[in-house]
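Dropping coords-v1.txt in here (compact mmCIF, C-alpha atoms):
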# COMPACT_ATOMS: atom_id res chain seq x y z
CA MET A 1 0.00 0.00 0.00
CA GLU A 2 1.85 3.01 -1.33
CA LEU A 3 0.34 5.70 0.88
CA MET A 4 1.22 3.98 4.17
CA ALA A 5 4.63 2.81 2.92
CA ARG A 6 5.46 6.40 1.96
CA GLU A 7 4.09 8.05 5.10
CA MET A 8 5.70 5.46 7.41
CA GLN A 9 9.23 6.22 6.22
CA VAL A 10 11.34 6.84 9.32
CA ARG A 11 14.38 9.04 9.72
CA PRO A 12 16.30 10.13 12.82
CA GLY A 13 16.04 13.78 13.85
CA PRO A 14 14.79 16.21 16.48
CA VAL A 15 11.29 15.73 17.86
CA PRO A 16 9.23 18.50 19.55
CA ASP A 17 8.44 18.40 23.27
CA GLY A 18 4.74 18.76 22.62
CA LEU A 19 2.04 19.70 20.14
CA ASP A 20 0.06 22.91 20.05
CA GLY A 21 1.41 23.97 23.45
CA ALA A 22 0.61 20.65 25.15
CA VAL A 23 3.70 18.87 26.49
CA VAL A 24 3.84 15.12 25.84
CA GLY A 25 5.68 13.23 28.58
CA PRO A 26 7.13 9.70 28.61
CA GLY A 27 4.43 7.08 28.15
CA GLN A 28 2.08 9.58 26.51
CA HIS A 29 0.97 10.32 22.99
CA LEU A 30 -1.06 13.07 21.35
CA LEU A 31 -2.73 13.50 17.97
CA ILE A 32 -3.69 17.00 16.86
CA GLY A 33 -4.69 17.85 13.29
CA ASP A 34 -2.14 16.32 10.94
CA GLU A 35 0.52 15.70 13.61
CA PHE A 36 1.20 12.87 16.05
CA LEU A 37 3.72 12.72 18.87
CA LEU A 38 4.56 9.69 21.01
CA ARG A 39 7.17 9.68 23.77
CA GLU A 40 8.65 6.72 25.63
CA PRO A 41 11.51 6.92 28.14
CA ASP A 42 14.16 6.01 25.54
CA PHE A 43 12.74 7.31 22.28
CA ALA A 44 10.11 9.54 20.73
CA PHE A 45 8.29 9.57 17.41
CA HIS A 46 6.87 12.58 15.62
CA TYR A 47 4.77 12.38 12.46
CA ARG A 48 3.50 15.16 10.26
CA ARG A 49 1.36 14.43 7.20
CA GLY A 50 3.50 14.45 4.08
CA SER A 51 6.78 14.59 6.01
CA GLY A 52 7.09 11.01 7.27
CA VAL A 53 8.07 9.88 10.77
CA THR A 54 10.98 11.28 12.75
CA VAL A 55 12.52 9.31 15.60
CA ALA A 56 14.65 10.79 18.39
CA ARG A 57 16.58 8.32 20.52
CA THR A 58 17.30 9.57 24.01
CA GLY A 59 18.34 6.32 25.68
CA ALA A 60 19.44 2.78 25.02
CA ALA A 61 16.15 1.41 23.72
CA GLU A 62 16.15 -1.89 21.89
CA ALA A 63 15.45 -1.62 18.18
CA GLY A 64 12.67 -4.19 18.61
CA GLU A 65 10.82 -2.14 21.21
CA GLU A 66 10.99 0.90 18.99
CA ALA A 67 9.67 -1.17 16.06
CA LEU A 68 6.79 -2.33 18.22
CA PHE A 69 5.56 1.22 18.87
CA LEU A 70 6.17 2.12 15.25
CA SER A 71 3.98 -0.71 13.98
CA GLY A 72 1.36 -0.14 16.70
CA SER A 73 0.38 3.36 17.85
CA VAL A 74 2.36 5.27 15.21
CA TYR A 75 0.97 3.15 12.36
CA ALA A 76 -2.61 3.63 13.58
CA ALA A 77 -2.11 7.38 14.01
CA VAL A 78 -0.56 7.80 10.54
CA ALA A 79 -3.49 5.88 9.04
CA CYS A 80 -6.03 8.07 10.86
CA ILE A 81 -4.32 11.32 9.87
CA ASN A 82 -4.43 10.18 6.24
CA GLY A 83 -8.17 9.51 6.45
CA LEU A 84 -7.99 5.73 6.75
CA MET A 85 -10.14 4.10 9.40
CA PRO A 86 -8.18 1.51 11.40
CA ILE A 87 -9.83 -1.44 13.13
CA HIS A 88 -7.82 -3.46 15.64
CA ALA A 89 -8.04 -6.73 13.70
CA SER A 90 -6.12 -9.38 11.79
CA ALA A 91 -7.60 -10.64 8.54
CA VAL A 92 -7.43 -13.23 5.77
CA ALA A 93 -8.86 -13.24 2.25
CA VAL A 94 -11.64 -15.69 1.41
CA GLY A 95 -13.17 -15.86 -2.07
CA GLY A 96 -12.03 -12.34 -2.94
CA LYS A 97 -13.35 -10.81 0.29
CA VAL A 98 -11.69 -9.85 3.55
CA VAL A 99 -12.68 -11.68 6.71
CA ALA A 100 -11.32 -9.89 9.78
CA PHE A 101 -10.98 -11.02 13.40
CA THR A 102 -11.11 -8.59 16.26
CA GLY A 103 -11.26 -8.95 20.03
CA GLN A 104 -9.49 -8.15 23.26
CA ALA A 105 -5.70 -8.49 23.55
CA GLY A 106 -4.99 -12.20 23.90
CA ALA A 107 -8.20 -13.26 22.14
CA GLY A 108 -6.12 -14.94 19.42
CA LYS A 109 -6.58 -12.62 16.42
CA SER A 110 -3.13 -13.20 14.92
CA THR A 111 -3.03 -16.88 15.88
CA LEU A 112 -6.31 -17.53 14.12
CA ALA A 113 -5.23 -15.62 11.00
CA ALA A 114 -1.93 -17.55 10.95
CA ALA A 115 -3.74 -20.88 11.29
CA LEU A 116 -6.22 -20.04 8.52
CA SER A 117 -3.28 -18.99 6.40
CA GLN A 118 -1.79 -22.46 6.92
CA LEU A 119 -5.10 -23.85 5.60
CA GLY A 120 -4.58 -21.90 2.38
CA LEU A 121 -6.38 -18.59 3.09
CA PRO A 122 -3.90 -15.80 2.33
CA LEU A 123 -3.15 -13.24 5.04
CA PHE A 124 -4.60 -9.79 4.41
CA CYS A 125 -3.26 -7.93 7.44
CA ASP A 126 -2.04 -8.48 10.98
CA ASP A 127 -3.14 -6.38 13.95
CA THR A 128 -4.54 -3.39 12.05
CA LEU A 129 -7.17 -3.47 9.31
CA LEU A 130 -7.41 -0.26 7.29
CA LEU A 131 -10.66 0.83 5.64
CA ALA A 132 -10.49 3.15 2.63
CA PRO A 133 -12.20 6.48 3.37
CA GLY A 134 -13.83 6.83 -0.07
CA SER A 135 -15.67 3.55 0.39
CA LEU A 136 -17.17 4.78 3.67
CA SER A 137 -18.70 7.94 2.21
CA ALA A 138 -22.39 8.61 1.71
CA VAL A 139 -21.73 8.74 -2.04
CA ALA A 140 -20.22 5.24 -1.99
CA ALA A 141 -23.11 4.00 0.12
CA SER A 142 -25.77 5.36 -2.21
CA ALA A 143 -23.90 3.87 -5.20
CA GLY A 144 -24.00 0.47 -3.49
CA ASP A 145 -20.20 0.27 -3.31
CA ALA A 146 -18.61 -2.18 -0.90
CA VAL A 147 -16.58 -1.09 2.12
CA THR A 148 -13.01 -1.51 0.90
CA CYS A 149 -9.99 -2.65 2.90
CA LEU A 150 -6.40 -1.79 2.10
CA PRO A 151 -3.83 -4.57 2.52
CA GLY A 152 -1.48 -4.22 5.47
CA HIS A 153 2.25 -4.20 5.14
CA LYS A 154 3.12 -4.96 8.75
CA ARG A 155 5.00 -8.16 9.49
CA MET A 156 2.99 -10.79 11.31
CA LYS A 157 3.87 -11.35 14.99
CA LEU A 158 3.01 -14.36 17.17
CA TRP A 159 3.96 -15.64 20.58
CA PRO A 160 6.40 -18.57 20.15
CA ASP A 161 3.82 -21.13 21.34
CA ALA A 162 1.28 -19.78 18.83
CA ALA A 163 3.88 -20.01 16.06
CA GLU A 164 4.47 -23.63 17.02
CA LEU A 165 0.75 -24.40 17.36
CA THR A 166 -0.04 -22.98 13.92
CA GLY A 167 3.01 -24.55 12.25
CA SER A 168 4.32 -21.10 11.29
CA VAL A 169 8.05 -20.70 10.71
CA ALA A 170 9.44 -18.41 13.42
CA LEU A 171 11.92 -15.81 12.22
CA ASP A 172 13.54 -13.15 14.44
CA GLU A 173 12.29 -12.12 17.89
CA VAL A 174 10.49 -8.75 18.11
CA SER A 175 12.56 -7.60 21.12
CA ALA A 176 14.21 -9.02 24.23
CA SER A 177 11.46 -7.51 26.40
CA TYR A 178 8.58 -8.44 24.07
CA ARG A 179 9.22 -11.97 22.99
CA LYS A 180 6.82 -12.40 20.13
CA VAL A 181 8.43 -13.66 16.95
CA TYR A 182 7.93 -12.54 13.39
CA VAL A 183 6.49 -15.22 11.12
CA THR A 184 5.84 -15.60 7.41
CA PRO A 185 2.21 -16.50 6.68
CA GLY A 186 1.96 -20.05 5.31
CA GLY A 187 -0.70 -19.16 2.73
CA GLY A 188 1.07 -16.09 1.39
CA ASP A 189 -0.46 -12.64 1.51
CA VAL A 190 -2.64 -10.30 -0.51
CA ALA A 191 -1.36 -7.07 -2.05
CA LYS A 192 -4.53 -5.51 -3.48
CA PRO A 193 -7.57 -3.81 -1.91
CA LEU A 194 -10.56 -6.08 -1.31
CA PRO A 195 -14.12 -5.58 -0.04
CA LEU A 196 -14.77 -6.28 3.62
CA GLY A 197 -16.93 -9.41 3.72
CA ALA A 198 -17.14 -10.22 7.41
CA LEU A 199 -15.97 -9.10 10.82
CA LEU A 200 -15.79 -11.73 13.55
CA PHE A 201 -15.50 -10.87 17.24
CA LEU A 202 -13.36 -13.48 19.01
CA GLU A 203 -14.54 -14.60 22.41
CA VAL A 204 -13.02 -17.13 24.75
CA GLY A 205 -15.51 -19.78 25.84
CA GLN A 206 -15.11 -22.53 28.43
CA ALA A 207 -12.34 -25.09 27.92
CA GLY A 208 -13.88 -28.03 26.09
CA GLU A 209 -16.82 -25.97 24.85
CA GLU A 210 -17.66 -26.62 21.21
CA ALA A 211 -16.85 -23.72 18.89
CA ARG A 212 -19.85 -21.74 17.69
CA ILE A 213 -20.62 -18.78 15.48
CA VAL A 214 -23.35 -16.43 16.67
CA PRO A 215 -24.56 -13.89 14.07
CA LEU A 216 -24.93 -10.25 15.16
CA THR A 217 -27.58 -7.88 13.82
CA GLY A 218 -28.63 -4.23 13.92
CA GLY A 219 -27.71 -2.29 17.03
CA GLU A 220 -25.46 -5.08 18.31
CA LYS A 221 -23.22 -4.59 15.29
CA ILE A 222 -22.88 -0.87 15.88
CA ALA A 223 -22.27 -1.32 19.61
CA ARG A 224 -19.51 -3.86 18.88
CA LEU A 225 -17.83 -1.53 16.39
CA ASP A 226 -17.99 1.22 18.98
CA ASP A 227 -16.05 -0.96 21.46
CA ASP A 228 -12.77 -0.55 19.55
CA HIS A 229 -11.82 2.34 21.86
CA TYR A 230 -8.14 2.55 21.02
CA THR A 231 -8.44 3.16 17.28
CA ARG A 232 -11.76 4.98 17.70
CA THR A 233 -10.23 7.72 19.83
CA MET A 234 -7.40 8.32 17.38
CA PHE A 235 -9.74 8.32 14.39
CA ASP A 236 -12.11 10.78 16.07
CA SER A 237 -9.18 13.09 16.91
CA ALA A 238 -7.82 13.00 13.36
CA THR A 239 -11.15 13.43 11.59
CA ARG A 240 -12.65 15.72 14.27
CA HIS A 241 -15.62 13.41 14.26
CA GLY A 242 -18.17 13.66 16.99
CA ARG A 243 -20.63 10.95 18.03
CA HIS A 244 -23.00 11.76 15.19
CA GLU A 245 -20.42 11.36 12.39
CA ARG A 246 -18.99 8.23 13.97
CA PHE A 247 -22.48 6.70 14.23
CA VAL A 248 -23.09 7.35 10.52
CA LEU A 249 -19.81 5.59 9.63
CA GLN A 250 -20.46 2.65 11.94
CA ALA A 251 -23.98 2.27 10.54
CA ARG A 252 -22.56 2.22 7.01
CA ILE A 253 -20.17 -0.62 7.97
CA ALA A 254 -22.87 -2.46 9.94
CA ARG A 255 -25.28 -2.41 6.99
CA GLU A 256 -22.69 -3.74 4.54
CA VAL A 257 -20.76 -6.28 6.53
CA THR A 258 -21.70 -9.64 8.01
CA MET A 259 -20.74 -9.71 11.69
CA ALA A 260 -20.71 -12.54 14.17
CA ARG A 261 -19.22 -13.71 17.46
CA PHE A 262 -16.83 -16.63 17.20
CA VAL A 263 -16.79 -18.34 20.59
CA ARG A 264 -14.35 -21.15 21.33
CA GLY A 265 -12.26 -22.54 24.13
CA LEU A 266 -8.58 -21.72 23.92
CA ASN A 267 -7.28 -25.19 24.73
CA ARG A 268 -4.73 -26.56 22.29
CA GLU A 269 -6.53 -29.87 21.74
CA GLN A 270 -9.52 -28.16 20.16
CA PHE A 271 -7.62 -25.48 18.30
CA TRP A 272 -7.49 -27.12 14.89
CA SER A 273 -11.01 -28.55 14.99
CA SER A 274 -12.45 -25.09 15.77
CA THR A 275 -10.23 -23.52 13.09
CA HIS A 276 -11.39 -26.04 10.46
CA TYR A 277 -15.01 -25.42 11.49
CA LEU A 278 -14.48 -21.68 10.99
CA ALA A 279 -12.68 -22.16 7.65
CA GLU A 280 -15.60 -24.21 6.30
CA TYR A 281 -18.10 -21.61 7.51
CA LEU A 282 -16.13 -18.79 5.87
CA SER A 283 -15.72 -20.66 2.59
CA ALA A 284 -19.47 -21.31 2.44
CA MET A 285 -20.24 -17.70 3.34
CA CYS A 286 -17.81 -16.09 0.88
CA GLY A 287 -18.32 -18.63 -1.87
CA SER A 288 -14.76 -19.85 -2.24
CA MET B 1 -54.05 15.77 24.79
CA LYS B 2 -50.70 17.15 23.65
CA PRO B 3 -49.00 15.61 20.63
CA VAL B 4 -45.99 13.40 21.35
CA THR B 5 -42.90 14.91 19.75
CA LYS B 6 -39.40 13.60 19.14
CA ILE B 7 -36.47 15.81 20.13
CA PRO B 8 -34.28 15.35 17.03
CA GLU B 9 -31.29 17.30 18.33
CA ARG B 10 -30.85 14.69 21.07
CA PHE B 11 -30.39 11.57 18.93
CA VAL B 12 -29.43 10.12 15.55
CA GLU B 13 -31.23 7.16 14.05
CA THR B 14 -30.62 4.69 11.26
CA GLU B 15 -31.88 1.35 10.04
CA VAL B 16 -29.64 -1.73 10.06
CA ASP B 17 -30.92 -5.26 9.31
CA GLN B 18 -34.57 -4.15 9.65
CA GLU B 19 -33.80 -2.79 13.10
CA LEU B 20 -34.08 0.87 14.03
CA VAL B 21 -30.99 1.94 15.92
CA LEU B 22 -30.94 5.19 17.88
CA MET B 23 -27.94 6.76 19.55
CA ARG B 24 -28.42 9.37 22.27
CA LEU B 25 -25.93 12.11 21.45
CA ALA B 26 -25.42 13.19 25.07
CA ASP B 27 -23.77 9.94 26.15
CA GLY B 28 -23.50 7.65 23.10
CA ASP B 29 -25.99 5.11 24.48
CA PHE B 30 -27.67 2.90 21.88
CA PHE B 31 -31.35 1.95 21.66
CA SER B 32 -32.35 -0.87 19.36
CA LEU B 33 -35.99 -0.86 18.30
CA GLU B 34 -37.68 -3.90 16.82
CA GLY B 35 -41.26 -5.17 16.61
CA THR B 36 -43.74 -3.16 18.64
CA ALA B 37 -41.09 -0.71 19.86
CA ARG B 38 -40.22 0.09 16.23
CA SER B 39 -43.90 0.58 15.37
CA ILE B 40 -44.43 2.93 18.32
CA TRP B 41 -41.37 4.98 17.38
CA LEU B 42 -42.55 5.28 13.78
CA ALA B 43 -46.03 6.29 14.95
CA ILE B 44 -44.57 9.32 16.77
CA ASP B 45 -45.01 11.90 14.02
CA GLY B 46 -45.33 15.09 16.07
CA GLN B 47 -49.09 15.20 15.37
CA ARG B 48 -50.51 12.22 17.26
CA ASP B 49 -51.13 12.34 20.98
CA ARG B 50 -50.74 9.22 23.14
CA GLU B 51 -54.26 7.94 22.43
CA ARG B 52 -53.79 8.24 18.69
CA ILE B 53 -50.41 6.50 18.88
CA ILE B 54 -52.07 3.65 20.79
CA ALA B 55 -54.78 3.51 18.10
CA ALA B 56 -52.21 3.50 15.28
CA VAL B 57 -50.19 0.67 16.85
CA ALA B 58 -53.35 -1.34 17.56
CA ASP B 59 -54.44 -0.84 13.98
CA GLU B 60 -51.06 -2.03 12.67
CA PHE B 61 -51.26 -5.21 14.73
CA ALA B 62 -55.00 -5.69 13.94
CA THR B 63 -56.02 -5.62 17.59
CA GLN B 64 -57.95 -3.46 20.06
CA PRO B 65 -56.35 -0.33 21.63
CA ASP B 66 -56.86 -1.75 25.13
CA SER B 67 -54.66 -4.74 24.36
CA VAL B 68 -51.63 -2.54 23.51
CA ARG B 69 -52.31 0.45 25.78
CA ALA B 70 -50.15 -0.66 28.70
CA ASP B 71 -47.14 -1.58 26.52
CA VAL B 72 -47.31 1.58 24.42
CA THR B 73 -47.70 3.79 27.48
CA ALA B 74 -44.77 2.13 29.24
CA PHE B 75 -42.54 2.50 26.17
CA LEU B 76 -43.50 6.16 25.66
CA ASP B 77 -42.67 6.75 29.33
CA GLU B 78 -39.26 5.11 28.79
CA LEU B 79 -38.57 7.27 25.75
CA GLY B 80 -39.54 10.33 27.75
CA GLU B 81 -37.25 9.36 30.63
CA ALA B 82 -34.44 8.79 28.10
CA GLY B 83 -34.96 12.38 26.95
CA LEU B 84 -35.81 11.43 23.37
CA ILE B 85 -39.46 12.62 23.29
CA VAL B 86 -41.84 14.99 25.01
CA GLY B 87 -45.56 14.54 25.47
Before we go any further, please render this structure as structure tokens.
Amino acid sequence: MELMAREMQVRPGPVPDGLDGAVVGPGQHLLIGDEFLLREPDFAFHYRRGSGVTVARTGAAEAGEEALFLSGSVYAAVACINGLMPIHASAVAVGGKVVAFTGQAGAGKSTLAAALSQLGLPLFCDDTLLLAPGSLSAVAASAGDAVTCLPGHKRMKLWPDAAELTGSVALDEVSASYRKVYVTPGGGDVAKPLPLGALLFLEVGQAGEEARIVPLTGGEKIARLDDDHYTRTMFDSATRHGRHERFVLQARIAREVTMARFVRGLNREQFWSSTHYLAEYLSAMCGS
Amino acid sequence: MKPVTKIPERFVETEVDQELVLMRLADGDFFSLEGTARSIWLAIDGQRDRERIIAAVADEFATQPDSVRADVTAFLDELGEAGLIVG
């Protein structure tokens, strides 16, 4: 994706203490207009639309830790400032449509995407799904256009046990203090925009509980979309959206996209049976 | 009787999957209206008073006003308490 690849170019240099008169201390970040500033004890990132990302290193931070913030908060902020709507989700492509998985940290978004990739469904993105702004507009809605997703270019990260469970080849470690490993998706990846077909909310059931898919409708869909607080706050800051504008966008997505809860136990014994069950459901739904 | 009136500056509404979804702008709370609740909401046109809303809903469900009166009244009270209507 050219826009994000261009805007995410990083160079070392000086970084301001704050934005618009507001000081940003260690552990804080701020998004105002077309600028974003994030400060950690050992490094800080500053982004301005059209100028790329500047990093200032003030301590002995590991490169991996820096990369983690770059691919997390900075990536989401850069997307928002450029009008893209991020959803905290990992996704695969099924029958020419994107099926995305979202949920709380530890719900298994990346693990599930990696496992489905091993079953032959190519990876679309890991951790952050980006929706194209044009496809969310009222004009696109009245023309009957699909909500379009832009492919991610972030490397996929898994905990070592998830890499082993999914049969993914582990490459280098993210950092000494954050021991996820980078992996290459077994089913390859997708490099072109695709319509968003489905959004699944991952929930952890009881150990031994049979996996099930529970469709969501109407207001439940909008309420679930509204739960993605982290990306929602950044997107609202960048677009200056209030509740009304956000509701209109969420309703547009809710009308177009199939949504469901995917509930399964997280025990290893059932992992592949629940993943196969999901893969069959998705293939039937997306016509692959 | 006074007409029952929506207070449009306090909410936004849309339809998703045949469900009417309202969001109260003051706090972002959602209200999902289906079935009878949806019919009552749609019957609030700024002209009808409570009795005429009860009659309209009864007519829609091909029943007598007395059989829907309690439910319609309770729901109108809820909408009033939520700050979405007056009357």
Problem - Residues near segment 10-26 of chain B, cut-off 8 Å, all atoms listed in the file, skip fewer than 2 positions along chain, as a list in words - result: Thr217, Gly218, Gly219, Arg243, His244, Phe247, Ala251, Ala254 and Arg255 of chain A; Ile7, Pro8, Gly28, Asp29, Phe30, Phe31, Ser32, Leu33, Glu34, Arg38, Gly83 and Leu84 of chain B
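Interatomic distance, atom CA of Val214 of chain A to atom CA of Val98 of chain A: 18.7 Å.
A straight line drawn from atom CA of Ala211 of chain A to atom CA of Ser273 of chain A is 8.5 Å long.
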Exercise for the section: Quick one: pull the distance between atom CA of Gly152 of chain A and atom CA of Ala191 of chain A, Å, one decimal. Expected result: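 Spanning atom CA of Gly152 of chain A to atom CA of Ala191 of chain A is a straight-line distance of 8.0 Å.
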Exercise for the section: Determine which residues of chain A sit within 12 Å of chain B, taking into account only C-alpha atoms, and present them as a ChimeraX atom specification. Expected result: /A:215-224,226-227,242-259
Exercise for the section: Fewer than 5 positions away in the same chain doesn't count, so skip those; otherwise give me all residues within 9 Å of Val72 of chain B, counting only C-alpha atoms, as JSON, numbers by chain. Expected result: {"B": [36, 37, 40, 50, 53, 54, 57, 77]}
Problem - Among the residues A:Gly33, A:His153, A:Phe45, A:Thr58, the one that comes closest to Ala5 of chain A [using all atoms listed in the file] - result: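 Smallest separation from Ala5 of chain A among the options: A:His153.
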Save segment 180-223 of chain A to disk from that block, C-alpha atoms included, as a PDB file, in the first residue's frame.
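And here's part.pdb as it stands now:
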ATOM      1  CA  LYS A 180       6.819 -12.396  20.133  1.00  0.00           C
ATOM      2  CA  VAL A 181       8.427 -13.660  16.945  1.00  0.00           C
ATOM      3  CA  TYR A 182       7.927 -12.537  13.387  1.00  0.00           C
ATOM      4  CA  VAL A 183       6.492 -15.218  11.118  1.00  0.00           C
ATOM      5  CA  THR A 184       5.840 -15.603   7.408  1.00  0.00           C
ATOM      6  CA  PRO A 185       2.206 -16.503   6.677  1.00  0.00           C
ATOM      7  CA  GLY A 186       1.958 -20.048   5.305  1.00  0.00           C
ATOM      8  CA  GLY A 187      -0.702 -19.164   2.731  1.00  0.00           C
ATOM      9  CA  GLY A 188       1.074 -16.088   1.392  1.00  0.00           C
ATOM     10  CA  ASP A 189      -0.460 -12.642   1.514  1.00  0.00           C
ATOM     11  CA  VAL A 190      -2.645 -10.296  -0.514  1.00  0.00           C
ATOM     12  CA  ALA A 191      -1.359  -7.067  -2.050  1.00  0.00           C
ATOM     13  CA  LYS A 192      -4.532  -5.511  -3.477  1.00  0.00           C
ATOM     14  CA  PRO A 193      -7.569  -3.809  -1.915  1.00  0.00           C
ATOM     15  CA  LEU A 194     -10.563  -6.077  -1.314  1.00  0.00           C
ATOM     16  CA  PRO A 195     -14.124  -5.582  -0.043  1.00  0.00           C
ATOM     17  CA  LEU A 196     -14.775  -6.280   3.620  1.00  0.00           C
ATOM     18  CA  GLY A 197     -16.928  -9.414   3.724  1.00  0.00           C
ATOM     19  CA  ALA A 198     -17.137 -10.215   7.411  1.00  0.00           C
ATOM     20  CA  LEU A 199     -15.970  -9.100  10.815  1.00  0.00           C
ATOM     21  CA  LEU A 200     -15.785 -11.730  13.554  1.00  0.00           C
ATOM     22  CA  PHE A 201     -15.500 -10.873  17.237  1.00  0.00           C
ATOM     23  CA  LEU A 202     -13.362 -13.475  19.009  1.00  0.00           C
ATOM     24  CA  GLU A 203     -14.545 -14.597  22.412  1.00  0.00           C
ATOM     25  CA  VAL A 204     -13.024 -17.126  24.753  1.00  0.00           C
ATOM     26  CA  GLY A 205     -15.506 -19.779  25.844  1.00  0.00           C
ATOM     27  CA  GLN A 206     -15.108 -22.532  28.429  1.00  0.00           C
ATOM     28  CA  ALA A 207     -12.344 -25.089  27.917  1.00  0.00           C
ATOM     29  CA  GLY A 208     -13.876 -28.030  26.087  1.00  0.00           C
ATOM     30  CA  GLU A 209     -16.820 -25.967  24.845  1.00  0.00           C
ATOM     31  CA  GLU A 210     -17.659 -26.618  21.212  1.00  0.00           C
ATOM     32  CA  ALA A 211     -16.854 -23.716  18.890  1.00  0.00           C
ATOM     33  CA  ARG A 212     -19.850 -21.737  17.690  1.00  0.00           C
ATOM     34  CA  ILE A 213     -20.624 -18.782  15.481  1.00  0.00           C
ATOM     35  CA  VAL A 214     -23.354 -16.427  16.669  1.00  0.00           C
ATOM     36  CA  PRO A 215     -24.562 -13.888  14.072  1.00  0.00           C
ATOM     37  CA  LEU A 216     -24.927 -10.254  15.163  1.00  0.00           C
ATOM     38  CA  THR A 217     -27.577  -7.883  13.825  1.00  0.00           C
ATOM     39  CA  GLY A 218     -28.631  -4.227  13.925  1.00  0.00           C
ATOM     40  CA  GLY A 219     -27.711  -2.295  17.035  1.00  0.00           C
ATOM     41  CA  GLU A 220     -25.462  -5.083  18.308  1.00  0.00           C
ATOM     42  CA  LYS A 221     -23.216  -4.594  15.286  1.00  0.00           C
ATOM     43  CA  ILE A 222     -22.882  -0.865  15.877  1.00  0.00           C
ATOM     44  CA  ALA A 223     -22.273  -1.317  19.606  1.00  0.00           C
TER      45      ALA A 223
END
